[in-house]
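As stored in entry-v4.cif (mmCIF, N, CA and C atoms):
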data_input
loop_
_atom_site.label_atom_id
_atom_site.label_comp_id
_atom_site.auth_asym_id
_atom_site.auth_seq_id
_atom_site.Cartn_x
_atom_site.Cartn_y
_atom_site.Cartn_z
N MET A 1 83.78 15.08 -123.81
CA MET A 1 82.64 14.23 -123.91
C MET A 1 81.37 15.04 -123.70
N GLU A 2 80.45 14.87 -124.56
CA GLU A 2 79.17 15.55 -124.45
C GLU A 2 78.13 14.61 -123.85
N LYS A 3 77.26 15.21 -123.04
CA LYS A 3 76.18 14.41 -122.44
C LYS A 3 75.11 14.17 -123.48
N ALA A 4 74.51 13.00 -123.38
CA ALA A 4 73.42 12.66 -124.31
C ALA A 4 72.16 13.39 -123.89
N ALA A 5 71.39 13.82 -124.85
CA ALA A 5 70.13 14.51 -124.58
C ALA A 5 69.11 13.50 -124.07
N PRO A 6 68.26 13.92 -123.16
CA PRO A 6 67.24 12.98 -122.67
C PRO A 6 66.25 12.63 -123.78
N PRO A 7 65.67 11.46 -123.70
CA PRO A 7 64.72 11.07 -124.75
C PRO A 7 63.47 11.94 -124.69
N PRO A 8 62.82 12.17 -125.81
CA PRO A 8 61.62 13.02 -125.81
C PRO A 8 60.47 12.31 -125.06
N LEU A 9 59.59 13.12 -124.49
CA LEU A 9 58.43 12.58 -123.79
C LEU A 9 57.44 12.02 -124.80
N LEU A 10 56.94 10.82 -124.49
CA LEU A 10 55.97 10.21 -125.39
C LEU A 10 54.54 10.59 -125.05
N HIS A 11 54.32 11.04 -123.79
CA HIS A 11 52.99 11.47 -123.40
C HIS A 11 53.10 12.74 -122.57
N LYS A 12 52.04 13.48 -122.57
CA LYS A 12 52.02 14.73 -121.82
C LYS A 12 51.67 14.43 -120.36
N PRO A 13 52.41 14.99 -119.38
CA PRO A 13 52.06 14.76 -117.98
C PRO A 13 50.65 15.26 -117.67
N SER A 14 49.91 14.51 -116.85
CA SER A 14 48.52 14.86 -116.57
C SER A 14 48.38 15.92 -115.48
N VAL A 15 49.40 16.10 -114.65
CA VAL A 15 49.34 17.08 -113.57
C VAL A 15 50.36 18.18 -113.85
N SER A 16 49.90 19.41 -113.81
CA SER A 16 50.82 20.51 -114.05
C SER A 16 51.53 20.89 -112.76
N ALA A 17 52.57 21.66 -112.87
CA ALA A 17 53.34 22.08 -111.70
C ALA A 17 52.51 22.98 -110.79
N THR A 18 51.66 23.80 -111.36
CA THR A 18 50.84 24.69 -110.52
C THR A 18 49.81 23.90 -109.72
N ALA A 19 49.27 22.84 -110.25
CA ALA A 19 48.31 22.03 -109.50
C ALA A 19 48.99 21.35 -108.32
N VAL A 20 50.21 20.90 -108.51
CA VAL A 20 50.94 20.26 -107.42
C VAL A 20 51.25 21.28 -106.33
N GLU A 21 51.62 22.49 -106.69
CA GLU A 21 51.90 23.53 -105.71
C GLU A 21 50.64 23.86 -104.89
N ASN A 22 49.48 23.91 -105.54
CA ASN A 22 48.23 24.19 -104.82
C ASN A 22 47.91 23.08 -103.83
N VAL A 23 48.15 21.85 -104.19
CA VAL A 23 47.87 20.74 -103.29
C VAL A 23 48.79 20.82 -102.08
N ARG A 24 50.05 21.09 -102.28
CA ARG A 24 50.99 21.21 -101.17
C ARG A 24 50.58 22.35 -100.25
N HIS A 25 50.15 23.48 -100.83
CA HIS A 25 49.74 24.63 -100.03
C HIS A 25 48.51 24.28 -99.18
N THR A 26 47.56 23.59 -99.75
CA THR A 26 46.36 23.18 -99.02
C THR A 26 46.71 22.24 -97.89
N ASP A 27 47.61 21.27 -98.13
CA ASP A 27 48.00 20.33 -97.09
C ASP A 27 48.66 21.04 -95.91
N SER A 28 49.53 22.01 -96.19
CA SER A 28 50.21 22.70 -95.10
C SER A 28 49.23 23.55 -94.30
N THR A 29 48.23 24.09 -94.98
CA THR A 29 47.22 24.90 -94.27
C THR A 29 46.42 24.03 -93.32
N THR A 30 46.00 22.85 -93.76
CA THR A 30 45.19 22.01 -92.89
C THR A 30 46.02 21.47 -91.73
N SER A 31 47.29 21.18 -91.95
CA SER A 31 48.11 20.69 -90.84
C SER A 31 48.31 21.80 -89.79
N LYS A 32 48.42 23.05 -90.23
CA LYS A 32 48.52 24.16 -89.27
C LYS A 32 47.24 24.30 -88.48
N GLU A 33 46.09 24.08 -89.13
CA GLU A 33 44.82 24.16 -88.41
C GLU A 33 44.73 23.07 -87.35
N PHE A 34 45.21 21.86 -87.67
CA PHE A 34 45.20 20.78 -86.69
C PHE A 34 46.12 21.10 -85.53
N GLN A 35 47.26 21.72 -85.79
CA GLN A 35 48.17 22.10 -84.73
C GLN A 35 47.54 23.13 -83.81
N LYS A 36 46.85 24.11 -84.39
CA LYS A 36 46.20 25.13 -83.58
C LYS A 36 45.11 24.50 -82.71
N GLU A 37 44.36 23.56 -83.27
CA GLU A 37 43.31 22.91 -82.50
C GLU A 37 43.90 22.10 -81.35
N GLY A 38 45.04 21.45 -81.56
CA GLY A 38 45.69 20.72 -80.48
C GLY A 38 46.16 21.64 -79.38
N ILE A 39 46.65 22.81 -79.76
CA ILE A 39 47.09 23.78 -78.76
C ILE A 39 45.89 24.27 -77.96
N LYS A 40 44.75 24.46 -78.60
CA LYS A 40 43.55 24.86 -77.88
C LYS A 40 43.15 23.78 -76.88
N GLY A 41 43.28 22.54 -77.26
CA GLY A 41 42.96 21.45 -76.35
C GLY A 41 43.88 21.44 -75.15
N LEU A 42 45.13 21.74 -75.36
CA LEU A 42 46.09 21.79 -74.25
C LEU A 42 45.73 22.92 -73.28
N GLY A 43 45.27 24.03 -73.79
CA GLY A 43 44.85 25.14 -72.94
C GLY A 43 43.66 24.76 -72.07
N ASP A 44 42.73 23.98 -72.65
CA ASP A 44 41.58 23.53 -71.86
C ASP A 44 42.01 22.58 -70.75
N ILE A 45 42.95 21.71 -71.05
CA ILE A 45 43.45 20.78 -70.03
C ILE A 45 44.12 21.55 -68.90
N ILE A 46 44.92 22.53 -69.24
CA ILE A 46 45.59 23.33 -68.21
C ILE A 46 44.55 24.09 -67.38
N SER A 47 43.51 24.60 -68.03
CA SER A 47 42.44 25.30 -67.30
C SER A 47 41.76 24.36 -66.31
N GLY A 48 41.52 23.13 -66.72
CA GLY A 48 40.90 22.16 -65.82
C GLY A 48 41.77 21.84 -64.62
N VAL A 49 43.07 21.70 -64.86
CA VAL A 49 43.99 21.43 -63.75
C VAL A 49 44.03 22.61 -62.79
N VAL A 50 43.99 23.82 -63.33
CA VAL A 50 43.98 25.02 -62.48
C VAL A 50 42.72 25.06 -61.63
N LEU A 51 41.57 24.71 -62.22
CA LEU A 51 40.32 24.69 -61.45
C LEU A 51 40.38 23.67 -60.32
N ILE A 52 40.93 22.51 -60.58
CA ILE A 52 41.07 21.51 -59.52
C ILE A 52 42.04 22.03 -58.45
N GLY A 53 43.08 22.72 -58.87
CA GLY A 53 44.02 23.33 -57.92
C GLY A 53 43.36 24.38 -57.06
N ILE A 54 42.44 25.15 -57.63
CA ILE A 54 41.71 26.14 -56.84
C ILE A 54 40.87 25.43 -55.78
N GLY A 55 40.28 24.30 -56.16
CA GLY A 55 39.52 23.52 -55.19
C GLY A 55 40.40 23.06 -54.04
N PHE A 56 41.62 22.61 -54.35
CA PHE A 56 42.57 22.24 -53.29
C PHE A 56 42.90 23.44 -52.40
N ALA A 57 43.05 24.59 -53.00
CA ALA A 57 43.40 25.79 -52.23
C ALA A 57 42.27 26.20 -51.26
N PHE A 58 41.02 25.90 -51.66
CA PHE A 58 39.90 26.22 -50.79
C PHE A 58 39.66 25.17 -49.71
N GLY A 59 40.52 24.18 -49.65
CA GLY A 59 40.44 23.27 -48.52
C GLY A 59 40.15 21.83 -48.80
N GLY A 60 40.00 21.40 -50.01
CA GLY A 60 39.74 19.98 -50.20
C GLY A 60 39.47 19.63 -51.64
N SER A 61 39.15 18.34 -51.81
CA SER A 61 38.86 17.84 -53.13
C SER A 61 38.04 16.57 -53.01
N VAL A 62 37.26 16.28 -54.00
CA VAL A 62 36.50 15.04 -54.04
C VAL A 62 37.46 13.86 -54.05
N PHE A 63 38.61 14.04 -54.66
CA PHE A 63 39.59 12.96 -54.81
C PHE A 63 40.27 12.61 -53.48
N MET A 64 40.18 13.49 -52.49
CA MET A 64 40.79 13.25 -51.18
C MET A 64 39.77 12.74 -50.16
N GLY A 65 38.47 12.77 -50.49
CA GLY A 65 37.43 12.33 -49.57
C GLY A 65 36.94 13.50 -48.73
N ASP A 66 35.81 13.27 -48.03
CA ASP A 66 35.21 14.27 -47.15
C ASP A 66 35.01 15.60 -47.88
N ALA A 67 34.24 15.53 -49.00
CA ALA A 67 34.07 16.70 -49.86
C ALA A 67 32.83 17.51 -49.48
N THR A 68 32.90 18.79 -49.71
CA THR A 68 31.77 19.69 -49.55
C THR A 68 31.23 20.04 -50.93
N TRP A 69 30.17 20.84 -50.98
CA TRP A 69 29.59 21.21 -52.27
C TRP A 69 30.56 22.04 -53.09
N LEU A 70 31.41 22.84 -52.44
CA LEU A 70 32.38 23.66 -53.15
C LEU A 70 33.45 22.78 -53.80
N ASP A 71 33.84 21.69 -53.12
CA ASP A 71 34.82 20.76 -53.68
C ASP A 71 34.25 20.07 -54.92
N TYR A 72 32.99 19.66 -54.85
CA TYR A 72 32.34 19.05 -56.01
C TYR A 72 32.28 20.03 -57.18
N PHE A 73 31.99 21.27 -56.88
CA PHE A 73 31.88 22.28 -57.93
C PHE A 73 33.20 22.43 -58.69
N PHE A 74 34.30 22.68 -57.97
CA PHE A 74 35.58 22.90 -58.63
C PHE A 74 36.11 21.63 -59.30
N ASP A 75 35.94 20.48 -58.65
CA ASP A 75 36.45 19.25 -59.23
C ASP A 75 35.67 18.83 -60.48
N CYS A 76 34.35 18.97 -60.42
CA CYS A 76 33.55 18.62 -61.60
C CYS A 76 33.82 19.57 -62.76
N LEU A 77 33.94 20.84 -62.46
CA LEU A 77 34.25 21.81 -63.51
C LEU A 77 35.64 21.55 -64.10
N GLY A 78 36.60 21.22 -63.24
CA GLY A 78 37.94 20.91 -63.73
C GLY A 78 37.98 19.67 -64.58
N VAL A 79 37.27 18.61 -64.16
CA VAL A 79 37.23 17.37 -64.95
C VAL A 79 36.54 17.61 -66.28
N PHE A 80 35.51 18.46 -66.29
CA PHE A 80 34.85 18.81 -67.55
C PHE A 80 35.83 19.45 -68.53
N TRP A 81 36.60 20.44 -68.07
CA TRP A 81 37.54 21.14 -68.95
C TRP A 81 38.67 20.21 -69.42
N ILE A 82 39.12 19.33 -68.54
CA ILE A 82 40.15 18.37 -68.94
C ILE A 82 39.59 17.44 -70.03
N GLY A 83 38.38 16.95 -69.83
CA GLY A 83 37.76 16.10 -70.84
C GLY A 83 37.54 16.81 -72.16
N LYS A 84 37.14 18.07 -72.09
CA LYS A 84 36.94 18.87 -73.31
C LYS A 84 38.27 19.04 -74.06
N GLY A 85 39.34 19.29 -73.32
CA GLY A 85 40.65 19.44 -73.96
C GLY A 85 41.14 18.16 -74.60
N ILE A 86 40.92 17.04 -73.93
CA ILE A 86 41.32 15.74 -74.50
C ILE A 86 40.51 15.46 -75.75
N TYR A 87 39.23 15.78 -75.71
CA TYR A 87 38.37 15.59 -76.89
C TYR A 87 38.87 16.42 -78.08
N LYS A 88 39.25 17.66 -77.84
CA LYS A 88 39.76 18.50 -78.92
C LYS A 88 41.06 17.95 -79.49
N MET A 89 41.91 17.41 -78.63
CA MET A 89 43.21 16.91 -79.10
C MET A 89 43.04 15.61 -79.90
N VAL A 90 42.09 14.78 -79.51
CA VAL A 90 41.91 13.49 -80.18
C VAL A 90 41.12 13.67 -81.46
N ARG A 91 40.18 14.56 -81.45
CA ARG A 91 39.31 14.78 -82.60
C ARG A 91 40.10 15.24 -83.74
#
Translate this structure into structure tokens?
Amino acid sequence: MEKAAPPPLLHKPSVSATAVENVRHTDSTTSKEFQKEGIKGLGDIISGVVLIGIGFAFGGSVFMGDATWLDYFFDCLGVFWIGKGIYKMVR
């Protein structure tokens, strides 16, 4: 038994194979850029947590009460970096 030949095309396809390949390549590039930006945001969050940890190591934190100027400095700087990292991840 022989297979039947497919029917001839009645119209020419509007998108060529090379155009489709370029679109796929562009999409994968942008998704990699978004992944890198998310990783950068995670690094900022970790930096903020480390700064708050340094404040704890120096004897206190705003979050525990009875804060000094040094506690405000480390906690505010840490909250800033955490917020910056969250902003990068959401953006």
By how many Å are CA of Ile52 in chain A and CA of Val79 in chain A apart?
7.8 Å
Please determine, counting only N, CA and C atoms, which residue among A:Val62, A:Ile54, A:Met89, A:Leu9 has the shortest atom-to-atom distance to Leu42 in chain A.
A:Met89
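Closest approach to Ile82 in chain A among A:Gly55, A:Gly43, A:Gly65, A:Pro7: A:Gly43, based on all atoms listed in the file.
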Counting only C-alpha atoms, find residues at most 12 Å from (44.9, 22.5, -63.2) (file frame) and give them as a ChimeraX atom specification.
/A:42-57,74-75,77-82,85
To one decimal place in Å, what is the distance between atom N of Arg91 in chain A and atom N of Ile39 in chain A?
10.6 Å
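The gap separating atom C of Gly60 in chain A from CA of Tyr72 in chain A is 8.4 Å, in Å to one decimal.
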